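Chemist: CSV, C-alpha atoms and all ligand atoms, saved as data.csv, coming up:
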```
chain,number,residue,atom,x,y,z
A,449,MET,CA,11.2,1.0,-10.7
A,450,LYS,CA,12.7,3.8,-12.7
A,451,VAL,CA,12.5,7.5,-11.8
A,452,HIS,CA,13.8,9.8,-14.6
A,453,GLY,CA,15.4,6.7,-16.1
A,454,LYS,CA,17.2,5.7,-12.9
A,455,ALA,CA,16.3,2.4,-11.2
A,456,MET,CA,15.5,2.8,-7.5
A,457,ARG,CA,13.4,1.5,-4.6
A,458,SER,CA,11.2,3.5,-2.3
A,459,ILE,CA,13.5,2.9,0.7
A,460,TRP,CA,17.2,2.0,1.0
A,461,ALA,CA,20.0,1.7,3.5
A,462,GLU,CA,22.8,4.3,3.0
A,463,PRO,CA,26.5,3.2,3.6
A,464,ASN,CA,26.8,5.9,6.4
A,465,GLY,CA,24.2,4.2,8.5
A,466,SER,CA,21.2,6.3,7.6
A,467,VAL,CA,18.1,5.3,5.6
A,468,GLY,CA,17.0,6.9,2.4
A,469,ILE,CA,13.3,7.5,1.5
A,470,ILE,CA,11.4,9.5,-1.0
A,471,ASP,CA,9.4,12.3,0.6
A,472,GLN,CA,6.0,11.3,-0.7
A,473,THR,CA,4.3,14.4,0.7
A,474,ARG,CA,6.2,16.4,-2.0
A,475,LEU,CA,5.0,14.4,-5.0
A,476,PRO,CA,4.0,15.0,-7.7
A,477,HIS,CA,5.3,18.6,-7.6
A,478,ALA,CA,8.9,17.7,-6.5
A,479,PHE,CA,10.9,14.5,-6.3
A,480,VAL,CA,12.8,14.9,-3.0
A,481,THR,CA,14.7,12.2,-1.1
A,482,LEU,CA,15.4,12.4,2.6
A,483,ARG,CA,17.9,10.8,5.0
A,484,LEU,CA,16.5,9.3,8.2
A,485,THR,CA,19.1,9.2,10.9
A,486,THR,CA,17.2,8.5,14.1
A,487,LEU,CA,14.3,6.4,15.4
A,488,GLU,CA,12.3,9.6,15.9
A,489,GLU,CA,12.8,10.6,12.3
A,490,ALA,CA,11.6,7.2,11.1
A,491,ALA,CA,8.5,7.4,13.3
A,492,HIS,CA,7.8,10.9,12.1
A,493,ALA,CA,8.2,9.8,8.4
A,494,ILE,CA,5.5,7.1,9.0
A,495,ARG,CA,3.2,9.4,11.0
A,496,SER,CA,3.4,12.4,8.6
A,497,MET,CA,3.1,10.0,5.6
A,498,GLN,CA,6.4,11.0,4.0
A,499,VAL,CA,6.3,7.2,3.6
A,500,ARG,CA,2.9,5.4,3.4
A,501,GLY,CA,1.3,2.3,2.1
A,502,ALA,CA,1.1,-0.8,4.2
A,503,PRO,CA,4.3,-2.7,3.0
A,504,LEU,CA,6.5,0.5,3.0
A,505,ILE,CA,5.3,1.4,6.5
A,506,GLY,CA,6.5,-2.0,7.7
A,507,ALA,CA,9.9,-1.6,5.9
A,508,THR,CA,10.4,1.8,7.4
A,509,ALA,CA,9.5,0.5,10.9
A,510,ALA,CA,12.2,-2.2,10.5
A,511,TYR,CA,14.8,0.4,9.6
A,512,GLY,CA,13.6,2.6,12.4
A,513,VAL,CA,14.6,-0.2,14.8
A,514,CYS,CA,18.0,-0.3,13.1
A,515,LEU,CA,18.4,3.4,13.7
A,516,ALA,CA,17.4,3.0,17.4
A,517,LEU,CA,19.9,0.3,17.9
A,518,ARG,CA,22.8,2.4,16.6
A,519,VAL,CA,22.4,4.5,19.8
A,520,ASP,CA,21.3,1.9,22.3
A,521,ALA,CA,21.1,-1.9,21.6
A,522,SER,CA,19.8,-2.9,25.0
A,523,ASP,CA,16.6,-5.0,25.5
A,524,GLY,CA,14.8,-1.9,26.8
A,525,ALA,CA,15.8,0.2,23.8
A,526,LEU,CA,14.5,-2.5,21.4
A,527,GLU,CA,11.2,-2.7,23.2
A,528,ARG,CA,10.9,1.1,23.4
A,529,ALA,CA,11.6,1.5,19.6
A,530,CYS,CA,9.1,-1.1,18.7
A,531,ALA,CA,6.4,0.5,20.9
A,532,LEU,CA,7.1,4.0,19.4
A,533,LEU,CA,6.9,2.7,15.9
A,534,GLN,CA,3.9,0.5,16.5
A,535,ALA,CA,1.9,3.6,17.7
A,536,THR,CA,2.5,5.6,14.5
A,537,ARG,CA,-0.5,4.3,12.4
A,538,PRO,CA,-3.2,1.8,13.5
A,539,THR,CA,-4.7,0.1,10.4
A,540,ALA,CA,-1.9,-1.5,8.4
A,541,ILE,CA,-0.9,-4.8,10.0
A,542,ASN,CA,2.4,-4.8,8.1
A,543,LEU,CA,3.7,-2.5,10.9
A,544,LYS,CA,3.2,-5.2,13.5
A,545,TRP,CA,4.4,-7.9,11.2
A,546,ALA,CA,7.7,-6.1,10.6
A,547,LEU,CA,8.3,-5.2,14.2
A,548,ASP,CA,7.4,-8.8,15.4
A,549,GLY,CA,9.9,-10.1,12.8
A,550,MET,CA,12.6,-7.7,14.0
A,551,ARG,CA,12.0,-8.7,17.7
A,552,ARG,CA,12.1,-12.4,16.8
A,553,ALA,CA,15.4,-12.0,14.9
A,554,LEU,CA,17.0,-9.8,17.6
A,555,HIS,CA,15.8,-10.6,21.1
A,556,HIS,CA,18.0,-13.6,21.7
A,557,LEU,CA,21.2,-11.8,20.5
A,558,SER,CA,23.5,-9.9,22.8
A,559,PRO,CA,23.4,-6.1,22.4
A,560,SER,CA,26.8,-6.1,20.7
A,561,GLU,CA,25.5,-8.5,18.0
A,562,ARG,CA,22.2,-6.7,17.5
A,563,GLU,CA,22.8,-3.7,15.3
A,564,LYS,CA,24.5,-5.7,12.5
A,565,ALA,CA,21.7,-8.3,12.6
A,566,ALA,CA,19.0,-5.7,12.6
A,567,TRP,CA,20.3,-4.1,9.3
A,568,ALA,CA,20.6,-7.5,7.7
A,569,HIS,CA,17.0,-8.4,8.8
A,570,ALA,CA,15.6,-5.1,7.6
A,571,ALA,CA,17.3,-5.6,4.2
A,572,ALA,CA,16.0,-9.2,3.9
A,573,LEU,CA,12.5,-8.0,4.7
A,574,CYS,CA,12.7,-5.4,1.9
A,575,ASP,CA,14.0,-8.0,-0.6
A,576,GLU,CA,11.2,-10.3,0.5
A,577,ASP,CA,8.7,-7.5,-0.2
A,578,VAL,CA,10.0,-7.0,-3.7
A,579,ALA,CA,9.9,-10.8,-4.4
A,580,ILE,CA,6.3,-11.0,-3.1
A,581,ASN,CA,5.1,-8.1,-5.1
A,582,HIS,CA,6.7,-9.4,-8.3
A,583,ALA,CA,4.9,-12.7,-7.8
A,584,ILE,CA,1.6,-10.9,-7.2
A,585,GLY,CA,2.3,-9.1,-10.4
A,586,ARG,CA,2.7,-12.4,-12.3
A,587,ASN,CA,-0.5,-13.8,-10.8
A,588,GLY,CA,-2.5,-10.7,-11.5
A,589,LEU,CA,-1.1,-10.5,-15.0
A,590,ALA,CA,-2.9,-13.7,-15.8
A,591,LEU,CA,-6.2,-12.1,-14.8
A,592,ILE,CA,-5.5,-9.1,-17.1
A,593,GLN,CA,-4.6,-11.5,-19.9
A,594,GLU,CA,-7.9,-13.4,-19.4
A,595,ALA,CA,-9.8,-10.1,-19.5
A,596,TRP,CA,-8.0,-9.3,-22.8
A,597,GLU,CA,-9.1,-12.7,-24.2
A,598,ARG,CA,-12.7,-12.1,-23.1
A,599,LYS,CA,-12.7,-8.9,-25.1
A,600,GLY,CA,-11.6,-10.8,-28.1
A,601,ARG,CA,-8.3,-9.0,-28.0
A,602,LYS,CA,-10.0,-5.8,-29.0
A,603,GLY,CA,-9.7,-2.2,-27.6
A,604,ARG,CA,-7.9,-2.0,-24.3
A,605,VAL,CA,-8.3,-3.6,-20.8
A,606,ASN,CA,-9.7,-1.0,-18.5
A,607,VAL,CA,-8.6,-1.4,-14.9
A,608,LEU,CA,-9.9,0.8,-12.0
A,609,THR,CA,-7.7,1.3,-9.0
A,610,HIS,CA,-8.1,3.2,-5.8
A,611,CYS,CA,-5.5,5.0,-3.7
A,612,ASN,CA,-1.9,4.1,-4.3
A,613,ALA,CA,-0.9,0.5,-4.1
A,614,GLY,CA,2.1,0.9,-6.5
A,615,TRP,CA,5.8,0.8,-5.9
A,616,LEU,CA,5.7,3.9,-3.8
A,617,ALA,CA,3.5,2.1,-1.3
A,618,THR,CA,5.9,-0.9,-1.2
A,619,VAL,CA,9.6,-1.4,-1.5
A,620,ASP,CA,9.2,-2.0,-5.2
A,621,TRP,CA,6.7,-3.0,-7.9
A,622,GLY,CA,3.6,-2.3,-5.8
A,623,THR,CA,0.8,-4.8,-5.2
A,624,ALA,CA,-2.3,-3.7,-7.2
A,625,LEU,CA,-0.1,-1.9,-9.8
A,626,ALA,CA,2.4,-4.8,-10.2
A,627,PRO,CA,0.2,-6.7,-12.6
A,628,LEU,CA,-0.3,-3.5,-14.6
A,629,TYR,CA,3.4,-2.8,-14.9
A,630,LEU,CA,4.0,-6.4,-16.0
A,631,ALA,CA,1.1,-6.1,-18.5
A,632,GLN,CA,2.6,-2.9,-19.9
A,633,ASN,CA,6.0,-4.7,-20.2
A,634,GLU,CA,4.3,-7.6,-22.1
A,635,GLY,CA,2.7,-5.2,-24.5
A,636,LEU,CA,-0.9,-5.7,-23.4
A,637,PRO,CA,-3.1,-2.6,-24.1
A,638,VAL,CA,-3.9,-1.7,-20.5
A,639,HIS,CA,-5.5,1.6,-19.4
A,640,VAL,CA,-6.0,2.5,-15.7
A,641,TRP,CA,-8.8,4.6,-14.2
A,642,VAL,CA,-7.2,6.3,-11.3
A,643,ASP,CA,-9.5,7.4,-8.4
A,644,GLU,CA,-8.2,10.7,-7.0
A,645,THR,CA,-8.7,9.3,-3.5
A,646,ARG,CA,-9.7,12.2,-1.3
A,647,PRO,CA,-8.8,13.5,1.1
A,648,ARG,CA,-5.0,13.0,0.6
A,649,ASN,CA,-5.2,12.4,-3.1
A,650,GLN,CA,-2.9,9.4,-3.2
A,651,GLY,CA,-4.4,8.4,-6.6
A,652,ALA,CA,-4.1,11.9,-8.1
A,653,SER,CA,-0.7,12.6,-6.7
A,654,LEU,CA,1.1,9.3,-6.5
A,655,THR,CA,-0.6,6.7,-8.7
A,656,ALA,CA,-0.9,9.1,-11.6
A,657,TRP,CA,2.7,10.1,-11.2
A,658,GLU,CA,3.9,6.4,-11.0
A,659,LEU,CA,2.0,5.3,-14.0
A,660,GLY,CA,3.2,8.3,-15.9
A,661,GLN,CA,6.8,7.5,-15.1
A,662,HIS,CA,6.3,4.0,-16.4
A,663,GLY,CA,4.3,5.1,-19.5
A,664,VAL,CA,1.2,3.3,-18.5
A,665,PRO,CA,-1.9,4.9,-20.1
A,666,HIS,CA,-4.2,6.2,-17.4
A,667,THR,CA,-7.0,8.7,-16.7
A,668,LEU,CA,-7.6,10.5,-13.5
A,669,ILE,CA,-11.2,10.4,-12.2
A,670,ALA,CA,-13.0,11.9,-9.2
A,671,ASP,CA,-13.7,9.4,-6.5
A,672,ASN,CA,-17.4,9.1,-7.4
A,673,VAL,CA,-17.0,8.4,-11.1
A,674,GLY,CA,-16.3,4.6,-10.9
A,675,GLY,CA,-19.9,3.5,-10.6
A,676,HIS,CA,-20.9,5.5,-13.7
A,677,LEU,CA,-18.1,4.0,-15.7
A,678,MET,CA,-19.0,0.5,-14.6
A,679,GLN,CA,-22.6,1.0,-15.6
A,680,HIS,CA,-21.4,1.9,-19.1
A,681,GLY,CA,-19.1,-1.1,-19.5
A,682,GLU,CA,-15.9,1.1,-19.2
A,683,VAL,CA,-14.3,-1.0,-16.4
A,684,ASP,CA,-13.2,-4.6,-17.1
A,685,LEU,CA,-11.8,-5.2,-13.6
A,686,CYS,CA,-10.9,-3.4,-10.4
A,687,ILE,CA,-7.6,-4.1,-8.6
A,688,VAL,CA,-7.0,-2.5,-5.2
A,689,GLY,CA,-4.5,-3.0,-2.4
A,690,THR,CA,-5.1,-3.7,1.2
A,691,ASP,CA,-3.8,-2.6,4.6
A,692,ARG,CA,-5.1,-5.6,6.5
A,693,THR,CA,-7.1,-8.6,5.4
A,694,THR,CA,-8.7,-11.0,7.9
A,695,ALA,CA,-8.5,-14.8,8.0
A,696,ARG,CA,-11.9,-14.9,6.3
A,697,GLY,CA,-11.0,-12.4,3.6
A,698,ASP,CA,-12.5,-9.1,4.8
A,699,VAL,CA,-10.3,-6.3,3.3
A,700,ALA,CA,-9.4,-3.0,5.0
A,701,ASN,CA,-8.2,-0.5,2.4
A,702,LYS,CA,-8.2,3.3,1.8
A,703,ILE,CA,-11.6,4.9,2.5
A,704,GLY,CA,-13.9,4.5,-0.5
A,705,THR,CA,-12.8,1.1,-1.5
A,706,TYR,CA,-16.0,-0.5,-0.1
A,707,LEU,CA,-18.2,1.8,-2.3
A,708,LYS,CA,-16.2,0.7,-5.4
A,709,ALA,CA,-16.7,-2.9,-4.4
A,710,LEU,CA,-20.5,-2.4,-4.1
A,711,ALA,CA,-20.6,-0.7,-7.5
A,712,ALA,CA,-18.5,-3.5,-9.0
A,713,LYS,CA,-20.9,-6.2,-7.5
A,714,ASP,CA,-23.9,-4.4,-8.9
A,715,ASN,CA,-22.4,-4.2,-12.3
A,716,GLY,CA,-20.8,-7.7,-12.5
A,717,VAL,CA,-17.3,-6.2,-12.7
A,718,PRO,CA,-14.6,-8.5,-11.1
A,719,PHE,CA,-13.2,-6.8,-8.0
A,720,TYR,CA,-9.7,-8.1,-7.1
A,721,VAL,CA,-7.5,-7.4,-4.0
A,722,ALA,CA,-3.8,-7.7,-4.3
A,723,LEU,CA,-2.8,-9.2,-1.0
A,724,PRO,CA,0.9,-9.8,0.1
A,725,SER,CA,0.9,-12.4,2.9
A,726,PRO,CA,2.4,-10.0,5.5
A,727,THR,CA,-0.9,-8.0,5.1
A,728,LEU,CA,-2.9,-11.0,6.4
A,729,ASP,CA,-4.1,-10.8,9.9
A,730,TRP,CA,-4.8,-14.4,10.8
A,731,THR,CA,-6.0,-13.4,14.3
A,732,LEU,CA,-9.1,-11.5,13.1
A,733,GLU,CA,-12.2,-12.7,11.2
A,734,ASP,CA,-14.8,-10.0,11.2
A,735,GLY,CA,-13.0,-7.0,9.6
A,736,VAL,CA,-15.9,-4.5,9.9
A,737,ARG,CA,-16.1,-5.2,13.6
A,738,ASP,CA,-12.4,-5.7,14.5
A,739,ILE,CA,-10.0,-3.8,12.2
A,740,PRO,CA,-9.0,-0.5,13.8
A,741,ILE,CA,-9.8,2.3,11.4
A,742,GLU,CA,-7.4,5.3,11.5
A,743,GLN,CA,-9.0,8.7,12.0
A,744,ARG,CA,-6.8,11.5,10.8
A,745,ASP,CA,-6.5,15.3,11.2
A,746,GLY,CA,-9.5,17.0,9.9
A,747,ARG,CA,-7.4,19.6,8.0
A,748,GLU,CA,-6.7,16.9,5.4
A,749,LEU,CA,-10.4,17.4,4.5
A,750,THR,CA,-10.9,21.1,5.0
A,751,ASP,CA,-7.6,22.1,3.2
A,752,VAL,CA,-6.4,21.4,-0.2
A,753,SER,CA,-2.8,21.8,-1.4
A,754,GLY,CA,-1.7,22.5,-5.0
A,755,ARG,CA,0.9,24.2,-7.1
A,756,LEU,CA,0.4,27.7,-8.4
A,757,ALA,CA,1.5,28.6,-12.0
A,758,SER,CA,4.5,30.3,-10.4
A,759,GLY,CA,5.6,26.9,-9.0
A,760,GLU,CA,4.8,27.7,-5.4
A,761,VAL,CA,3.0,25.0,-3.5
A,762,VAL,CA,0.2,26.4,-1.3
A,763,THR,CA,-2.5,25.1,0.9
A,764,VAL,CA,-5.9,26.7,0.9
A,765,ARG,CA,-9.1,26.1,3.0
A,766,VAL,CA,-12.1,24.9,0.9
A,767,THR,CA,-14.7,24.5,3.6
A,768,PRO,CA,-16.5,26.9,5.9
A,769,GLU,CA,-15.1,27.6,9.4
A,770,GLY,CA,-16.9,25.8,12.2
A,771,SER,CA,-18.3,22.7,10.5
A,772,ALA,CA,-17.5,19.5,12.3
A,773,VAL,CA,-15.2,17.2,10.3
A,774,ALA,CA,-14.7,13.4,10.4
A,775,ASN,CA,-11.7,12.0,8.5
A,776,TYR,CA,-11.8,8.2,8.4
A,777,GLY,CA,-8.7,6.9,6.6
A,778,PHE,CA,-9.9,3.4,5.7
A,779,ASP,CA,-13.0,1.2,5.3
A,780,VAL,CA,-13.6,-2.5,5.2
A,781,THR,CA,-14.9,-4.4,2.2
A,782,PRO,CA,-16.6,-7.6,3.3
A,783,ALA,CA,-15.2,-10.8,1.7
A,784,ARG,CA,-18.5,-11.4,-0.1
A,785,LEU,CA,-17.8,-8.4,-2.4
A,786,VAL,CA,-14.3,-9.5,-3.3
A,787,THR,CA,-14.1,-11.7,-6.4
A,788,ALA,CA,-10.7,-13.0,-5.5
A,789,LEU,CA,-7.5,-12.3,-3.6
A,790,ILE,CA,-4.2,-12.1,-5.7
A,791,THR,CA,-1.4,-13.3,-3.4
A,792,GLU,CA,2.2,-14.2,-4.1
A,793,ARG,CA,1.2,-17.9,-4.0
A,794,GLY,CA,-1.7,-17.6,-6.4
A,795,VAL,CA,-5.2,-16.3,-6.7
A,796,CYS,CA,-7.9,-17.6,-4.3
A,797,PRO,CA,-11.4,-16.9,-3.2
A,798,ALA,CA,-11.8,-14.4,-0.4
A,799,SER,CA,-12.7,-16.9,2.2
A,800,GLN,CA,-11.0,-18.8,5.0
A,801,GLU,CA,-10.9,-22.0,2.9
A,802,GLY,CA,-9.5,-20.0,-0.1
A,803,LEU,CA,-6.7,-18.5,2.0
A,804,LEU,CA,-5.9,-21.8,3.7
A,805,SER,CA,-5.7,-23.5,0.3
A,806,LEU,CA,-2.7,-21.2,-0.5
A,807,PHE,CA,-1.3,-21.1,3.1
A,808,PRO,CA,-1.9,-24.6,4.3
A,809,GLU,CA,0.7,-24.2,7.1
A,810,ARG,CA,-1.9,-22.0,8.8
A,811,ARG,CA,-4.4,-24.8,9.0
A,812,ARG,CA,-2.6,-26.2,12.1
A,813,LEU,CA,-3.0,-22.8,13.7
A,814,ALA,CA,-6.5,-22.0,12.6
B,1,LIG,O1,-3.0,6.0,4.0
B,1,LIG,P1,-2.1,5.3,3.0
B,1,LIG,O2,-1.7,6.1,1.9
B,1,LIG,O3,-0.9,4.6,3.8
B,1,LIG,O4,-3.0,4.1,2.4
B,1,LIG,C1,-2.5,3.3,1.5
B,1,LIG,C2,-3.5,2.3,1.0
B,1,LIG,O5,-4.6,2.3,1.4
B,1,LIG,C3,-3.0,1.2,0.1
B,1,LIG,O6,-4.0,0.9,-0.8
B,1,LIG,C4,-2.6,0.0,0.9
B,1,LIG,O7,-1.7,0.4,1.8
B,1,LIG,C5,-2.0,-1.0,0.0
B,1,LIG,S1,-0.4,-0.6,-0.5
B,1,LIG,C6,0.3,-1.8,-1.4
```
Represent the structure of the file as C-alpha cells.
Modeler:
Amino acid sequence: MKVHGKAMRSIWAEPNGSVGIIDQTRLPHAFVTLRLTTLEEAAHAIRSMQVRGAPLIGATAAYGVCLALRVDASDGALERACALLQATRPTAINLKWALDGMRRALHHLSPSEREKAAWAHAAALCDEDVAINHAIGRNGLALIQEAWERKGRKGRVNVLTHCNAGWLATVDWGTALAPLYLAQNEGLPVHVWVDETRPRNQGASLTAWELGQHGVPHTLIADNVGGHLMQHGEVDLCIVGTDRTTARGDVANKIGTYLKALAAKDNGVPFYVALPSPTLDWTLEDGVRDIPIEQRDGRELTDVSGRLASGEVVTVRVTPEGSAVANYGFDVTPARLVTALITERGVCPASQEGLLSLFPERRRLA
C-alpha cells in the first residue's frame, strides 16, 4: 500500500542483510521504520508489538530465522531460533505455520546452504501472503457489491470492523480490509465503522490511520457502539480478521470480536471473517476450549498513551492504584455466529464441510 504516496510493504529484506519493519507502536503519531539485525530483535519486535497481526507475526518470525542463521546455521541454532520465536505470542497460528515452513525448507540442507535458502523462503512466504490477501479482497469485494445491490445502490455500504486486519497486520493488503480497499478502488461508496479496540487501540491507531492514508471514508467508534448501530440499521455487514480458525470454523480474533458477532446475529447483520489459509488450525475443532488465549501486561489496561498538543507522546494512568487487572488479548467466536469465511479460494460456510469444500486436499487428513 502507499504511505505518503510511496508504495511499501509492512516488512522487507534490506540488501545489507537486515530486515525493515514499521514500528507500529509509534503510529499514528509518527511513521518510523526500524532495522532488525538479530534474532533477538526480531523476537522483541513481535513480543513488544512493533509488528503485530497474525500474518505479519508469521512473516517476521520467518525473517527472524534468517537473521539467526547469519550468525550460526547449525541444526541446533535453527531449532533454538524457532523455539525462541514460537514463544513470543501464543494465539496466532501463523507463527507456527511460518516456522514449520522454514524448518521444512531448511532442515535437509547443509549449514552452508541454509542462510541463502532461508532468505528465499521468507521472501516467498511474504509474496504468498500478498497474493492470498489480494484474493481474499476480490472474494470479499463480491459481498460488498451484493450489499450495495441489496440497498438498491443507494447511500453507502456501512462495514464494521474490529481491531486492525489491514495491510499493517499482514505483508500487504490486509485480510478484512482488503475487500474495502478494492471496493474503494472500484468506486463503490463504502464507509467503515472502526472499533477503537481497547486496550491497545489497534482500531483507533492503526485501522483509522490506514484507511485515512487510502482515502477510505471511516468513522471511529468506541468499542461498545456497534450493537447500537446495528439496531438502527447502520451496519450492512461486519468483516473481521482472525488469529486462528479451527477446522470447524471457530474463530479466535481480538478481544471483543465475540460480542460484535452476538450483536450481529441478534440484528440479522452478516458477520464475515476474512481467513487466509495459513491462519487455519486443522488440528483443533473446539476453539473456545482449545485455542490458547494470550494474557498481556495489565498496564495496557491501566495506562493510556496519547499525544499532547505540544507533540510530546505521554502515557498516563487512568485507573485507581491497587485494583486487580485481567487483560485478555483475544476471544473465540463460535462458528454458529459466523455468516461465512472469506478465504483466498472463495467464500464458504463456517463449518468443517464448508472449509473442506474449499480445501479438499485436507479431506484425506481429516
Ligand atoms: O494483538 P494483535 O494486534 O496482533 O491482534 C491482531 C488481530 O486480532 C487481527 O484481527 C488478526 O491478527 C487478523 S490480522 C489480518
Chemist: Go through A:Glu769, A:Glu792, A:Asp738, A:Glu594 one by one, measure the shortest atom-to-atom distance of each to Leu806 in chain A using only C-alpha atoms, and give the residue with the smallest value.
Modeler: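 Residue with the minimum atom-to-atom distance to Leu806 in chain A: A:Glu792.
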Chemist: Distance table requested - range 562-612 of chain A against range 703-719 of chain A, cut-off 10 Å, only C-alpha atoms: one row per qualifying residue with the closest atom pair and its distance in Å to one decimal, ordered by chain and rising residue number, as JSON lines.
Modeler:
```
{"residue": "A:Leu591", "atom": "CA", "partner": "A:Pro718", "partner_atom": "CA", "distance": 9.9}
{"residue": "A:Ala595", "atom": "CA", "partner": "A:Pro718", "partner_atom": "CA", "distance": 9.8}
{"residue": "A:Val607", "atom": "CA", "partner": "A:Phe719", "partner_atom": "CA", "distance": 9.9}
{"residue": "A:Leu608", "atom": "CA", "partner": "A:Lys708", "partner_atom": "CA", "distance": 9.1}
{"residue": "A:Thr609", "atom": "CA", "partner": "A:Thr705", "partner_atom": "CA", "distance": 9.1}
{"residue": "A:His610", "atom": "CA", "partner": "A:Thr705", "partner_atom": "CA", "distance": 6.7}
{"residue": "A:Cys611", "atom": "CA", "partner": "A:Thr705", "partner_atom": "CA", "distance": 8.6}
```
Chemist: Atoms to include: C-alpha atoms. Write the selected residues as a short mmCIF file (atom, residue, chain, number, x, y, z; two decimals), in the frame of the given file.
Modeler:
```
data_model
loop_
_atom_site.label_atom_id
_atom_site.label_comp_id
_atom_site.auth_asym_id
_atom_site.auth_seq_id
_atom_site.Cartn_x
_atom_site.Cartn_y
_atom_site.Cartn_z
CA LEU A 591 -6.20 -12.10 -14.80
CA ALA A 595 -9.80 -10.10 -19.50
CA VAL A 607 -8.60 -1.40 -14.90
CA LEU A 608 -9.90 0.80 -12.00
CA THR A 609 -7.70 1.30 -9.00
CA HIS A 610 -8.10 3.20 -5.80
CA CYS A 611 -5.50 5.00 -3.70
#
```
Chemist: Could you list, as a list in words, all the residues within 7 Å of ligand LIG 1 (chain B), counting all atoms listed in the file?
Modeler: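 Answer in the requested format: Met497, Arg500, Gly501, Ala502, Pro503, Ala540, His610, Cys611, Asn612, Ala613, Gly614, Ala617, Thr618, Gly622, Thr623, Ala624, Gln650, Val688, Gly689, Thr690, Asp691, Asn701, Lys702, Gly777 and Phe778 of chain A.
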Chemist: One decimal, in Å: what's the spacing between CA of Lys599 in chain A and CA of Thr781 in chain A?
Modeler: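 Answer for the CA of Lys599 in chain A to CA of Thr781 in chain A separation: 27.8 Å.
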Chemist: If you measure from CA of Thr655 in chain A to CA of Ala798 in chain A, what distance in Å do you get, rounded to one decimal?
Modeler: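 Going from CA of Thr655 in chain A over to CA of Ala798 in chain A, I get 25.3 Å.
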Chemist: Kindly add N, CA and C atoms to the incomplete range 779-791 of chain A and provide the output as a compact mmCIF listing (two decimals), keeping the file's coordinate frame.
Modeler:
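Result went into rebuild_17.txt, see below:
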```txt
# COMPACT_ATOMS: atom_id res chain seq x y z
N ASP A 779 -11.72 1.92 5.08
CA ASP A 779 -13.00 1.20 5.30
C ASP A 779 -12.75 -0.27 5.06
N VAL A 780 -13.76 -1.06 5.39
CA VAL A 780 -13.60 -2.50 5.20
C VAL A 780 -14.58 -3.02 4.20
N THR A 781 -14.07 -3.74 3.22
CA THR A 781 -14.90 -4.40 2.20
C THR A 781 -15.09 -5.84 2.62
N PRO A 782 -16.34 -6.23 2.89
CA PRO A 782 -16.60 -7.60 3.30
C PRO A 782 -16.17 -8.61 2.21
N ALA A 783 -15.71 -9.77 2.62
CA ALA A 783 -15.20 -10.80 1.70
C ALA A 783 -16.21 -11.08 0.56
N ARG A 784 -17.53 -11.01 0.88
CA ARG A 784 -18.50 -11.40 -0.10
C ARG A 784 -18.49 -10.48 -1.36
N LEU A 785 -17.88 -9.30 -1.22
CA LEU A 785 -17.80 -8.40 -2.40
C LEU A 785 -16.51 -8.50 -3.15
N VAL A 786 -15.63 -9.37 -2.67
CA VAL A 786 -14.30 -9.50 -3.30
C VAL A 786 -14.33 -10.74 -4.21
N THR A 787 -14.06 -10.54 -5.49
CA THR A 787 -14.10 -11.70 -6.40
C THR A 787 -12.98 -12.67 -6.10
N ALA A 788 -11.79 -12.16 -5.85
CA ALA A 788 -10.70 -13.00 -5.50
C ALA A 788 -9.53 -12.22 -4.91
N LEU A 789 -8.66 -12.91 -4.20
CA LEU A 789 -7.50 -12.30 -3.60
C LEU A 789 -6.27 -12.71 -4.49
N ILE A 790 -5.44 -11.76 -4.87
CA ILE A 790 -4.20 -12.10 -5.70
C ILE A 790 -3.06 -12.07 -4.68
N THR A 791 -2.55 -13.23 -4.35
CA THR A 791 -1.40 -13.30 -3.40
C THR A 791 -0.17 -13.73 -4.18
```
